[in-house]
Each structure stands twice: as C-alpha cells, then as structure tokens.
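The next block holds one structure in the form of structure tokens; read it before the comments.
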Amino acid sequence: MIQVVIARSIQGILSGIGIGTIFFCYPVVKHLISEKYRVKFKIEEFGKELFTYETLKYLKIGLTYGFLYGFIVGTVIGPFGAVNGL
C-alpha cells in the first residue's frame with residue numbers, strides 16, 4: 001500500500017501541475033529564508049505587487065517546463081513503456 005502512495009506522490013510531483021507548483025513556491029520559500037531577497041522588496045515602492053508578479057512569473061515558467069516535460073516523457077516513455085510493461 002505504501003508503495004502505491006509513494007508512486008502516486010512521485011507521479012504528482014513530476015506532473016506539469018506539480019512542477020508548476022514547485023516553481024510557484026520557489027520565490028515564497030526564498031522570501032522566507034533569505035533576508036537579502038526580502039529586503040529587495042521592502043526597499044521598492046511597490047514591493048508587494050512586484051513580489052506577486054515575480055511569483056506569478058515563476059508559476060508560468062514552472063507550468064511551461066512541467067507540461068513540456070510531461071509531453072516529452074509521455075511521448076518518449078509512453079509507447080516504449082506500454083511495450084515493455086512499464
């Protein structure tokens with residue numbers, strides 16, 4: 001049972017939406033960890049808006065990479081996995 005849960009979790013993380021979420025969370029985690037990064041947005045006049053735009057930018061990048069990754073993996077591994085039983 002635990003093997004199924006682990007396999008589904010890995011598949012979810014490697015999906016397009018999972019990779020997009022990881023990229024989306026990157027600036028948030030960086031904002032929480034790095035004081036230098038946080039100060040960059042405190043100094044700016046429109047800091048909150050800039051942080052929102054940067055977070056959305058990373059979400060778009062993550063979704064693009066994620067769906068490209070899913071397309072490539074589905075195209076390459078999909079037919080061969082069906083033949084080889086993967």
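Labels for the structure tokens follow display order: chains A, B, ..., residues from 1 in each chain, ligands from 1.
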**Q.** Residues near range 42-55 of chain A, cut-off 12 Å, only C-alpha atoms, skip fewer than 3 positions along chain, as a list in words
**A.** Gly20, Thr21, Ile22, Phe23, Phe24, Cys25, Tyr26, Pro27, Val28, Val29, Lys30, His31, Glu35, Lys36, Tyr37, Arg38, Val39, Tyr58, Leu59, Lys60, Ile61 and Gly62 of chain A
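When CA of Gln11 in chain A is paired with CA of Gly70 in chain A, their separation reads 10.4 Å.
Interatomic distance, CA of Phe41 in chain A against CA of Lys57 in chain A: 15.6 Å.
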